[in-house]
Amino acid sequence: MSAFEDLGVLPEIIKAIEELDWLLPTPIQSEAIPLILGGGDILAAAETGSGKTGAFALPILQITYETLNNKADIPVLPEDQSSNESKDNGIEWDQLNRDRELAVDGLVCQARSAAWNGIRATKGISSGKFYYEAIIRDEGLCRVGWALSKATRNIGTDKFSWGYGGTGKKSHQGTFADYGKPFGNNDCIGCYINFDDEVMGYTKNGEDFGEAFTFNSKAGIFYPALVLKNAEIAFNFGKDPMKHQLKGYKPLIEAELLADQASAPAPEPSNNKNIKKSNKKEKEDKSTNTQSDKPRKPLSLIIEPTRELADQTYSAILNFSKYLDNPNIQVSLCIGGEKSLGGRNKIEGDIIIGTPGRLESLVKDGSIDLSSIRFFVLDEADQLIEDNLSIVNYIYNKLPIGQNLQILFFSATLHSNKVIKFSEQITKNPTWVDLKGKDFIPDLITHAYIKADPSKYETLWRDSENPLRIRTDGVHAMDVTKFGKLKEPEQKSEAIKLLKAQLLLKCIQSFKMDQAIIFARTRVDCDCIHNFLKEAGGESTKSGLEGEYSSTVLHGDVNKARKENLEKFKNGEVRFLICTDVAARGIDIRGLPFMINYTLPASFEDYIHRVGRVGRADRIGLAISLVGSDQEKVWYHTCRDKGRGCHNTKLTENGGCCIWYDEPELFHPIQESIGPVELNDQFQLPQDMNLTFGASSNKSLVLDYQPHTEELSSRVEQLSQLEQTIQRDYLSLPIRITEIVNNNNNKMKS
Ligand SMILES: Nc1ncnc2c1ncn2[C@@H]1O[C@H](COP(=O)(O)OP(=O)(O)OP(=O)(O)O)[C@@H](O)[C@H]1O
């Protein structure tokens, strides 16, 4: 019997997690899963990388599934919002013919993955002159066009499909050629097909680019088709008035729409539609499952502070749910940077995962129906409450409070007054699952630091012969022209900035770091470090191989590329990820050996989350902090454009956009609580600390059971003795009764 089974987890979920090598639950999972399955509110604090995602995701997935299986309980969306079928003459995007990471909401298609994801329409045409429109809703990549039923979903790459992409290329049979103009956000692309003359073509915002392809009109039924990557596109087959009229062509909806008899290619496992059924149960379902086939109201809502984290939790839940069918669990990802649906179409999904801003706007415009929510999860709750309290409160107030609603708070750092006060307002007698006390940090992390002292390391940063110098944030561009004896605070500040870049290289070299995550304070700092590493040898070589110091950045500015950059790092395509605190929480990169605090975070809690990117899932990690020996003057933009084009280096108290950042002060609590070791002059750990970073500790995540077992052993012993006493008493009971009965009989006889 699996240990997860002991916790009451369903076999289908266990099968999925066993494939991830989750054989035993981690301590937080052992504690939290039964409590959540049992129905209470909980506040769960456990160290970074200890498996908190599974601790809440597994039980809510299970209860969601069990609720759906009890068909009477399934809340469905009202009919008029759930189907476009009649109004669209039966043409819609085909849920059975789409790639796994493409989500469909009415006629809006979205894929947030860095891979291409395609879909085909349910119906197509084989005669006449018709067209449809695609309205691009962000800057991602896409190709739109037509496909026969034999085509793959990556249209334009085989001989059965024809596409036109945002880079201004048409493609067929894998050949890409210039056509029309590039297109992007807000553009309206018309896709037309003319069976009389056997030509296909495209328009952009009404401008006709003429023939793109010729084709054989007898080839079969031509379906609208789409492939996209990190993009969102809305379609109009003619239900709404077309944006641009195309002379001689009618909207597709007016055609005689057809579909091939042949079945569609097997669908990928679903992420937001109820499409996969086991053969065995299919027959029963035809009669009984009509309720669960309808779009359903969400049962679980999970809020995550960042897009990356929302995406990670979304992928985890998709993985956990892969063997749950009849019905499949619908999971929807709602993250920032997307347009409102205007309440026209409801977000479908049994489990919705999103970021605060996006969820707020979807709730406000009526696109998410919260009336059936049973689980409200605040992951990284302290950050959500710190940064987005009003949104969390707003969403909470829209929930069906007082019914079966369960509220779950999770974080490694959950002990602030603000969190406790808020939790008291919204939870009912919550159980605290606090495994290690306040802000505990995994033992698998070794903490080290180097004091970035320009007087100590003069040769490193003063060396005028060394062409490799970081271009710093520009705060001192006007006030430090010469360094001299480093008397002025501004000189020291700039010297520290120059030195830190050199120390970074030394650390990378000394520990032969293959992969590391580097945290800096601002976007500008991240870009400066990225450029510095490029110059140090981070450029891709002509042969396409990444350079020795290849890096990528992740911060608030790198909007669309954020996911792609993170994937590059996760896949090992680049060696260093340079980021702001946007990646400090939750991001799970298995086996990551090193992290570097290029600048210290502004709070001790942030230090805990940042260093928690290493030392996860049983891997030993090293966290190195570069600590300035003096204060540094840094940007702190209060200006309207948040720093764009700002050169105001006065301090904020004088109306400017700079502050003095006091790393020596920020380092105190870290030094007191954790006591990091100082790297020696060779930038090495003391010799007795011989560790292989990135390697398994061979302790296993679940060995943490041991202290718990020891703690409980005396009580288990007492229980066992009690049990024995009861057993003995019980066994002696009939004898005594017989004795009493016999005695009584004897008395009566005599
Ligand atoms: N029972 C388990 N057995 C083996 N590996 C596990 C188990 N549970 C989780 N993991 C793995 O441990 C890693 C960390 O899990 P997770 O991301 O949930 O940690 P976390 O506690 O949420 O961390 P953070 O506080 O940084 O958000 C992941 O790679 C996950 O796959």
# chains A, B, ... in the order shown; residues from 1 in each chain; ligands from 1
>>> select_by_dssp(residues="region 38-198 of chain A", states="helix (DSSP H, G or I)", output="ChimeraX atom specification")
/A:38,52-69,71-73,79-82
>>> residues_around(residues="Leu324 (chain A)", least_positions_apart="2", cutoff="8 Å", atoms="only C-alpha atoms", output="PyMOL selection string")
chain A and resi 12-13+65+321-322+326-329
>>> write_last_selection(atoms="C-alpha atoms", output="mmCIF file, in the first residue's frame")
data_model
loop_
_atom_site.group_PDB
_atom_site.id
_atom_site.type_symbol
_atom_site.label_atom_id
_atom_site.label_comp_id
_atom_site.auth_asym_id
_atom_site.auth_seq_id
_atom_site.Cartn_x
_atom_site.Cartn_y
_atom_site.Cartn_z
ATOM 1 C CA GLU A 12 -5.616 7.534 -10.061
ATOM 2 C CA ILE A 13 -3.801 10.481 -8.477
ATOM 3 C CA TYR A 65 -13.090 15.147 -8.821
ATOM 4 C CA SER A 321 -4.944 14.848 -12.913
ATOM 5 C CA LYS A 322 -3.828 12.907 -15.970
ATOM 6 C CA ASN A 326 -15.113 10.504 -16.519
ATOM 7 C CA PRO A 327 -15.214 13.343 -16.125
ATOM 8 C CA ASN A 328 -11.875 14.919 -16.889
ATOM 9 C CA ILE A 329 -10.932 17.755 -14.649
#
>>> closest_atom_pairs(of="chain A", to="ligand 1", cutoff="7 Å", atoms="only C-alpha atoms and all ligand atoms", output="CSV")
residue,atom,partner,partner_atom_place_in_ligand_line,distance
A:Asp21,CA,ligand 1,4 (C),5.9
A:Trp22,CA,ligand 1,3 (N),3.6
A:Leu23,CA,ligand 1,3 (N),5.8
A:Leu24,CA,ligand 1,1 (N),5.1
A:Pro25,CA,ligand 1,1 (N),3.9
A:Thr26,CA,ligand 1,1 (N),4.8
A:Ala46,CA,ligand 1,21 (O),6.6
A:Glu47,CA,ligand 1,25 (O),6.0
A:Thr48,CA,ligand 1,25 (O),3.3
A:Gly49,CA,ligand 1,23 (O),3.4
A:Ser50,CA,ligand 1,21 (O),3.9
A:Gly51,CA,ligand 1,18 (O),3.4
A:Lys52,CA,ligand 1,21 (O),3.8
A:Thr53,CA,ligand 1,18 (O),3.7
A:Gly54,CA,ligand 1,18 (O),5.6
A:Ser411,CA,ligand 1,25 (O),6.0
A:Ala412,CA,ligand 1,25 (O),5.1
A:Arg585,CA,ligand 1,26 (O),5.5
A:Gly586,CA,ligand 1,27 (O),3.1
A:Ile587,CA,ligand 1,26 (O),6.2
A:Asp588,CA,ligand 1,17 (O),5.1
A:Ile589,CA,ligand 1,29 (O),6.8
A:Arg590,CA,ligand 1,29 (O),5.3
A:His609,CA,ligand 1,26 (O),6.3
A:Gly612,CA,ligand 1,26 (O),5.5
A:Arg613,CA,ligand 1,26 (O),6.1
A:Arg616,CA,ligand 1,14 (C),5.6
A:Ala617,CA,ligand 1,12 (O),4.2
A:Leu701,CA,ligand 1,4 (C),6.5
>>> write_last_selection(atoms="N, CA and C atoms", output="compact mmCIF listing (two decimals), in the first residue's frame")
# COMPACT_ATOMS: atom_id res chain seq x y z
N ASP A 21 7.97 10.06 -9.44
CA ASP A 21 8.84 9.53 -8.38
C ASP A 21 8.46 10.03 -7.01
N TRP A 22 7.24 10.39 -6.83
CA TRP A 22 6.77 10.75 -5.50
C TRP A 22 6.27 9.46 -4.85
N LEU A 23 7.12 8.81 -4.12
CA LEU A 23 6.72 7.52 -3.56
C LEU A 23 6.19 7.67 -2.14
N LEU A 24 6.73 8.65 -1.44
CA LEU A 24 6.27 8.90 -0.07
C LEU A 24 5.92 10.37 0.07
N PRO A 25 4.94 10.67 0.89
CA PRO A 25 4.60 12.09 1.07
C PRO A 25 5.66 12.82 1.88
N THR A 26 5.84 14.09 1.61
CA THR A 26 6.74 14.89 2.44
C THR A 26 5.97 15.23 3.73
N ALA A 46 5.72 25.70 5.82
CA ALA A 46 6.80 24.70 5.79
C ALA A 46 7.89 25.26 4.89
N GLU A 47 9.09 24.76 5.11
CA GLU A 47 10.24 25.34 4.43
C GLU A 47 10.11 25.29 2.91
N THR A 48 10.92 26.12 2.27
CA THR A 48 10.91 26.17 0.80
C THR A 48 11.29 24.80 0.24
N GLY A 49 10.68 24.46 -0.87
CA GLY A 49 11.03 23.22 -1.55
C GLY A 49 10.56 21.97 -0.84
N SER A 50 9.60 22.11 0.09
CA SER A 50 9.20 20.93 0.86
C SER A 50 7.94 20.27 0.32
N GLY A 51 7.48 20.71 -0.84
CA GLY A 51 6.34 20.03 -1.47
C GLY A 51 4.99 20.60 -1.09
N LYS A 52 4.93 21.92 -0.87
CA LYS A 52 3.65 22.53 -0.47
C LYS A 52 2.63 22.49 -1.60
N THR A 53 3.13 22.60 -2.84
CA THR A 53 2.17 22.60 -3.96
C THR A 53 1.33 21.31 -3.94
N GLY A 54 2.02 20.18 -3.78
CA GLY A 54 1.29 18.91 -3.72
C GLY A 54 0.38 18.86 -2.51
N SER A 411 2.60 29.03 2.72
CA SER A 411 3.85 29.76 2.45
C SER A 411 4.96 29.21 3.33
N ALA A 412 6.20 29.57 2.97
CA ALA A 412 7.30 29.22 3.87
C ALA A 412 7.37 30.25 4.99
N ARG A 585 10.02 33.50 -5.39
CA ARG A 585 9.15 32.55 -4.69
C ARG A 585 8.70 31.42 -5.60
N GLY A 586 8.70 30.25 -5.02
CA GLY A 586 7.99 29.12 -5.63
C GLY A 586 8.64 28.48 -6.84
N ILE A 587 9.41 29.24 -7.62
CA ILE A 587 9.93 28.67 -8.86
C ILE A 587 10.76 27.42 -8.54
N ASP A 588 10.42 26.36 -9.23
CA ASP A 588 11.00 25.06 -8.89
C ASP A 588 11.90 24.58 -10.03
N ILE A 589 13.20 24.65 -9.80
CA ILE A 589 14.13 24.16 -10.82
C ILE A 589 14.88 23.02 -10.17
N ARG A 590 14.51 21.84 -10.56
CA ARG A 590 14.97 20.65 -9.84
C ARG A 590 16.49 20.52 -9.87
N HIS A 609 12.94 33.10 0.81
CA HIS A 609 12.36 32.60 -0.44
C HIS A 609 13.41 32.52 -1.54
N GLY A 612 15.67 29.68 -1.11
CA GLY A 612 14.89 28.45 -1.26
C GLY A 612 14.80 27.95 -2.69
N ARG A 613 15.37 28.66 -3.63
CA ARG A 613 15.40 28.13 -5.02
C ARG A 613 16.41 26.99 -5.11
N ARG A 616 16.32 22.09 -2.83
CA ARG A 616 14.95 21.57 -2.97
C ARG A 616 14.99 20.09 -3.29
N ALA A 617 13.92 19.43 -2.90
CA ALA A 617 13.73 18.03 -3.25
C ALA A 617 15.03 17.24 -3.06
N LEU A 701 13.68 13.53 0.80
CA LEU A 701 12.71 14.49 1.32
C LEU A 701 11.94 13.95 2.50
>>> closest_residue(among="A:Leu257, A:Leu460, A:Ile135, A:Val611", to="Ala121 (chain A)", atoms="only C-alpha atoms")
A:Leu257
>>> residues_around(residues="Ile14 (chain A)", least_positions_apart="4", cutoff="10 Å", atoms="only C-alpha atoms", output="PyMOL selection string")
chain A and resi 2-5+9-10+18-20+22-23+58+320-321+323
>>> select_by_dssp(residues="region 328-542 of chain A", states="strand (DSSP E)", output="VMD selection string")
chain A and resid 331 to 334 351 to 354 375 to 379 406 to 411 431 to 434 445 to 452 516 to 519
>>> atom_distance(atom1="CA of Asn397 (chain A)", atom2="CA of Leu370 (chain A)")
10.0 Å
>>> residues_around(residues="Asp178 (chain A)", least_positions_apart="4", cutoff="10 Å", atoms="only C-alpha atoms", output="list in words")
Tyr164, Gly165, Thr167, Gly168, Lys169, Lys170, Ser171, Pro182 and Ala212 of chain A
>>> residues_around(residues="region 413-417 of chain A", least_positions_apart="2", cutoff="10 Å", atoms="only C-alpha atoms", output="short mmCIF file (atom, residue, chain, number, x, y, z; two decimals) with all heavy atoms, in the first residue's frame")
data_model
loop_
_atom_site.label_atom_id
_atom_site.label_comp_id
_atom_site.auth_asym_id
_atom_site.auth_seq_id
_atom_site.Cartn_x
_atom_site.Cartn_y
_atom_site.Cartn_z
N LEU A 43 -3.78 26.83 7.73
CA LEU A 43 -2.68 27.75 7.48
C LEU A 43 -1.43 26.88 7.54
O LEU A 43 -1.13 26.31 8.59
CB LEU A 43 -2.58 28.82 8.56
CG LEU A 43 -3.85 29.64 8.83
CD1 LEU A 43 -3.67 30.50 10.06
CD2 LEU A 43 -4.14 30.53 7.64
N ALA A 44 -0.76 26.72 6.43
CA ALA A 44 0.35 25.77 6.39
C ALA A 44 1.66 26.47 6.10
O ALA A 44 1.80 27.16 5.08
CB ALA A 44 0.08 24.71 5.32
N ALA A 45 2.60 26.32 7.02
CA ALA A 45 3.93 26.91 6.84
C ALA A 45 4.95 25.78 6.85
O ALA A 45 4.97 24.97 7.77
CB ALA A 45 4.22 27.88 7.97
N ALA A 46 5.72 25.70 5.82
CA ALA A 46 6.80 24.70 5.79
C ALA A 46 7.89 25.26 4.89
O ALA A 46 7.63 26.09 4.02
CB ALA A 46 6.29 23.38 5.24
N GLU A 47 9.09 24.76 5.11
CA GLU A 47 10.24 25.34 4.43
C GLU A 47 10.11 25.29 2.91
O GLU A 47 9.33 24.50 2.36
CB GLU A 47 11.51 24.63 4.89
CG GLU A 47 11.48 23.15 4.57
CD GLU A 47 12.55 22.37 5.32
OE1 GLU A 47 12.85 22.71 6.47
OE2 GLU A 47 13.08 21.44 4.74
N THR A 48 10.92 26.12 2.27
CA THR A 48 10.91 26.17 0.80
C THR A 48 11.29 24.80 0.24
O THR A 48 12.10 24.09 0.83
CB THR A 48 11.93 27.21 0.30
OG1 THR A 48 13.17 26.97 0.94
CG2 THR A 48 11.47 28.62 0.57
N GLU A 380 1.68 31.26 -1.37
CA GLU A 380 2.55 32.39 -1.00
C GLU A 380 1.66 33.47 -0.37
O GLU A 380 1.69 34.64 -0.76
CB GLU A 380 3.31 32.94 -2.21
CG GLU A 380 4.11 31.93 -3.00
CD GLU A 380 5.26 31.31 -2.21
OE1 GLU A 380 5.58 31.82 -1.13
OE2 GLU A 380 5.82 30.29 -2.66
N ALA A 381 0.86 33.04 0.59
CA ALA A 381 -0.18 33.91 1.13
C ALA A 381 0.37 35.23 1.67
O ALA A 381 -0.25 36.28 1.49
CB ALA A 381 -0.92 33.18 2.24
N ASP A 382 1.53 35.17 2.31
CA ASP A 382 2.04 36.42 2.90
C ASP A 382 2.33 37.46 1.84
O ASP A 382 2.05 38.64 2.00
CB ASP A 382 3.28 36.15 3.77
CG ASP A 382 4.36 35.39 3.04
OD1 ASP A 382 4.02 34.52 2.21
OD2 ASP A 382 5.55 35.66 3.27
N GLN A 383 2.85 37.01 0.69
CA GLN A 383 3.13 37.99 -0.37
C GLN A 383 1.83 38.53 -0.96
O GLN A 383 1.70 39.72 -1.23
CB GLN A 383 3.99 37.37 -1.48
CG GLN A 383 4.46 38.45 -2.44
CD GLN A 383 5.23 37.90 -3.63
OE1 GLN A 383 5.45 36.70 -3.78
NE2 GLN A 383 5.65 38.80 -4.50
N GLU A 386 0.51 41.00 1.46
CA GLU A 386 1.34 42.20 1.52
C GLU A 386 1.10 43.09 0.29
O GLU A 386 0.90 44.28 0.39
CB GLU A 386 2.82 41.77 1.58
CG GLU A 386 3.82 42.85 1.87
CD GLU A 386 3.56 43.57 3.20
OE1 GLU A 386 3.29 42.89 4.20
OE2 GLU A 386 3.62 44.82 3.20
N PHE A 409 -4.18 28.69 3.38
CA PHE A 409 -3.05 29.61 3.23
C PHE A 409 -1.78 28.75 3.21
O PHE A 409 -1.57 27.92 4.10
CB PHE A 409 -2.92 30.52 4.46
CG PHE A 409 -3.89 31.66 4.54
CD1 PHE A 409 -5.23 31.49 4.25
CD2 PHE A 409 -3.44 32.91 4.93
CE1 PHE A 409 -6.12 32.56 4.35
CE2 PHE A 409 -4.32 33.98 5.04
CZ PHE A 409 -5.66 33.81 4.76
N PHE A 410 -0.90 29.00 2.26
CA PHE A 410 0.38 28.28 2.21
C PHE A 410 1.53 29.25 2.01
O PHE A 410 1.43 30.17 1.21
CB PHE A 410 0.39 27.26 1.05
CG PHE A 410 -0.25 25.95 1.41
CD1 PHE A 410 -1.61 25.81 1.44
CD2 PHE A 410 0.54 24.85 1.73
CE1 PHE A 410 -2.21 24.61 1.80
CE2 PHE A 410 -0.04 23.64 2.09
CZ PHE A 410 -1.42 23.51 2.12
N SER A 411 2.60 29.03 2.72
CA SER A 411 3.85 29.76 2.45
C SER A 411 4.96 29.21 3.33
O SER A 411 4.70 28.49 4.30
CB SER A 411 3.69 31.26 2.74
OG SER A 411 4.90 31.93 2.46
N VAL A 419 -0.67 38.71 8.09
CA VAL A 419 -1.25 37.44 7.65
C VAL A 419 -2.19 36.91 8.73
O VAL A 419 -3.32 36.49 8.45
CB VAL A 419 -0.15 36.38 7.37
CG1 VAL A 419 -0.76 35.03 7.06
CG2 VAL A 419 0.74 36.82 6.23
N ILE A 420 -1.71 36.95 9.95
CA ILE A 420 -2.52 36.39 11.05
C ILE A 420 -3.83 37.16 11.18
O ILE A 420 -4.91 36.57 11.28
CB ILE A 420 -1.70 36.37 12.35
CG1 ILE A 420 -0.58 35.32 12.17
CG2 ILE A 420 -2.56 36.02 13.56
CD1 ILE A 420 0.50 35.36 13.18
N LYS A 421 -3.73 38.49 11.10
CA LYS A 421 -4.94 39.31 11.23
C LYS A 421 -5.92 38.99 10.09
O LYS A 421 -7.11 38.77 10.33
CB LYS A 421 -4.53 40.79 11.15
CG LYS A 421 -5.45 41.69 11.91
CD LYS A 421 -4.85 43.05 12.10
CE LYS A 421 -6.00 44.05 12.04
NZ LYS A 421 -5.63 45.32 11.54
N PHE A 422 -5.40 38.91 8.90
CA PHE A 422 -6.28 38.65 7.75
C PHE A 422 -6.88 37.24 7.84
O PHE A 422 -8.07 37.03 7.58
CB PHE A 422 -5.51 38.83 6.44
CG PHE A 422 -6.39 38.69 5.24
CD1 PHE A 422 -7.45 39.57 5.01
CD2 PHE A 422 -6.19 37.67 4.32
CE1 PHE A 422 -8.28 39.42 3.90
CE2 PHE A 422 -7.01 37.52 3.20
CZ PHE A 422 -8.05 38.40 3.00
N SER A 423 -6.04 36.29 8.26
CA SER A 423 -6.55 34.91 8.34
C SER A 423 -7.67 34.83 9.38
O SER A 423 -8.63 34.09 9.22
CB SER A 423 -5.43 33.94 8.65
OG SER A 423 -5.02 34.10 9.98
N ASP A 434 2.33 23.92 11.12
CA ASP A 434 3.56 24.70 11.14
C ASP A 434 4.68 23.74 11.48
O ASP A 434 4.88 23.39 12.63
CB ASP A 434 3.41 25.79 12.20
CG ASP A 434 4.61 26.69 12.23
OD1 ASP A 434 5.54 26.45 11.44
OD2 ASP A 434 4.63 27.62 13.05
N GLY A 437 8.28 25.91 12.71
CA GLY A 437 8.34 27.18 13.42
C GLY A 437 8.65 28.30 12.47
O GLY A 437 8.64 28.12 11.26
N LYS A 438 8.95 29.42 13.02
CA LYS A 438 9.04 30.64 12.23
C LYS A 438 10.15 30.60 11.16
O LYS A 438 11.30 30.34 11.46
CB LYS A 438 9.29 31.80 13.20
CG LYS A 438 9.01 33.15 12.65
CD LYS A 438 9.07 34.17 13.78
CE LYS A 438 8.76 35.55 13.28
NZ LYS A 438 9.72 36.08 12.37
N ASP A 439 9.75 30.87 9.93
CA ASP A 439 10.69 31.10 8.84
C ASP A 439 11.82 30.09 8.76
O ASP A 439 12.99 30.46 8.63
CB ASP A 439 11.33 32.50 8.96
CG ASP A 439 10.26 33.57 9.01
OD1 ASP A 439 9.14 33.29 8.57
OD2 ASP A 439 10.57 34.66 9.50
N PHE A 440 11.55 28.85 8.87
CA PHE A 440 12.62 27.89 8.88
C PHE A 440 13.18 27.63 7.49
O PHE A 440 12.48 27.69 6.51
CB PHE A 440 12.17 26.58 9.54
CG PHE A 440 13.31 25.94 10.24
CD1 PHE A 440 13.63 26.29 11.53
CD2 PHE A 440 14.12 25.05 9.56
CE1 PHE A 440 14.72 25.72 12.16
CE2 PHE A 440 15.21 24.48 10.19
CZ PHE A 440 15.51 24.82 11.49
N ILE A 441 14.44 27.33 7.44
CA ILE A 441 15.13 27.18 6.15
C ILE A 441 15.65 25.76 6.03
O ILE A 441 16.15 25.20 7.00
CB ILE A 441 16.30 28.18 6.08
CG1 ILE A 441 15.73 29.59 6.23
CG2 ILE A 441 17.07 28.05 4.79
CD1 ILE A 441 16.76 30.65 6.15
N PHE A 604 14.16 39.93 5.38
CA PHE A 604 14.65 38.60 5.73
C PHE A 604 13.76 37.53 5.08
O PHE A 604 14.24 36.50 4.62
CB PHE A 604 14.67 38.45 7.26
CG PHE A 604 15.19 37.14 7.72
CD1 PHE A 604 16.50 36.75 7.44
CD2 PHE A 604 14.39 36.26 8.43
CE1 PHE A 604 16.99 35.52 7.85
CE2 PHE A 604 14.87 35.03 8.85
CZ PHE A 604 16.18 34.67 8.55
N GLU A 605 12.43 37.78 5.03
CA GLU A 605 11.51 36.82 4.40
C GLU A 605 11.91 36.60 2.95
O GLU A 605 11.92 35.47 2.45
CB GLU A 605 10.06 37.32 4.43
CG GLU A 605 9.37 37.18 5.76
CD GLU A 605 9.80 38.25 6.74
OE1 GLU A 605 10.40 39.26 6.29
OE2 GLU A 605 9.58 38.08 7.95
N ASP A 606 12.25 37.70 2.26
CA ASP A 606 12.63 37.55 0.85
C ASP A 606 13.93 36.74 0.73
O ASP A 606 14.12 36.00 -0.22
CB ASP A 606 12.80 38.91 0.18
CG ASP A 606 11.45 39.58 -0.05
OD1 ASP A 606 10.43 38.87 -0.02
OD2 ASP A 606 11.42 40.81 -0.25
N ILE A 608 14.74 34.29 2.63
CA ILE A 608 14.35 32.87 2.77
C ILE A 608 13.81 32.33 1.46
O ILE A 608 14.16 31.22 1.03
CB ILE A 608 13.28 32.74 3.88
CG1 ILE A 608 13.93 33.01 5.23
CG2 ILE A 608 12.63 31.36 3.87
CD1 ILE A 608 12.97 33.11 6.35
N HIS A 609 12.94 33.10 0.81
CA HIS A 609 12.36 32.60 -0.44
C HIS A 609 13.41 32.52 -1.54
O HIS A 609 13.44 31.56 -2.30
CB HIS A 609 11.18 33.48 -0.87
CG HIS A 609 9.98 33.26 0.00
ND1 HIS A 609 9.14 32.20 -0.17
CD2 HIS A 609 9.51 33.94 1.07
CE1 HIS A 609 8.19 32.23 0.76
NE2 HIS A 609 8.39 33.29 1.52
#
>>> closest_residue(among="A:Pro59, A:Pro676, A:Gly547, A:Gly238", to="Ile91 (chain A)", atoms="only C-alpha atoms")
A:Gly238
>>> residues_around(residues="Gly128 (chain A)", least_positions_apart="3", cutoff="9 Å", atoms="only C-alpha atoms", output="ChimeraX atom specification")
/A:125,193-196,249-250,255
>>> closest_residue(among="A:Gln684, A:Ser149, A:Ser720, A:Ser113", to="Ile508 (chain A)", atoms="only C-alpha atoms")
A:Gln684
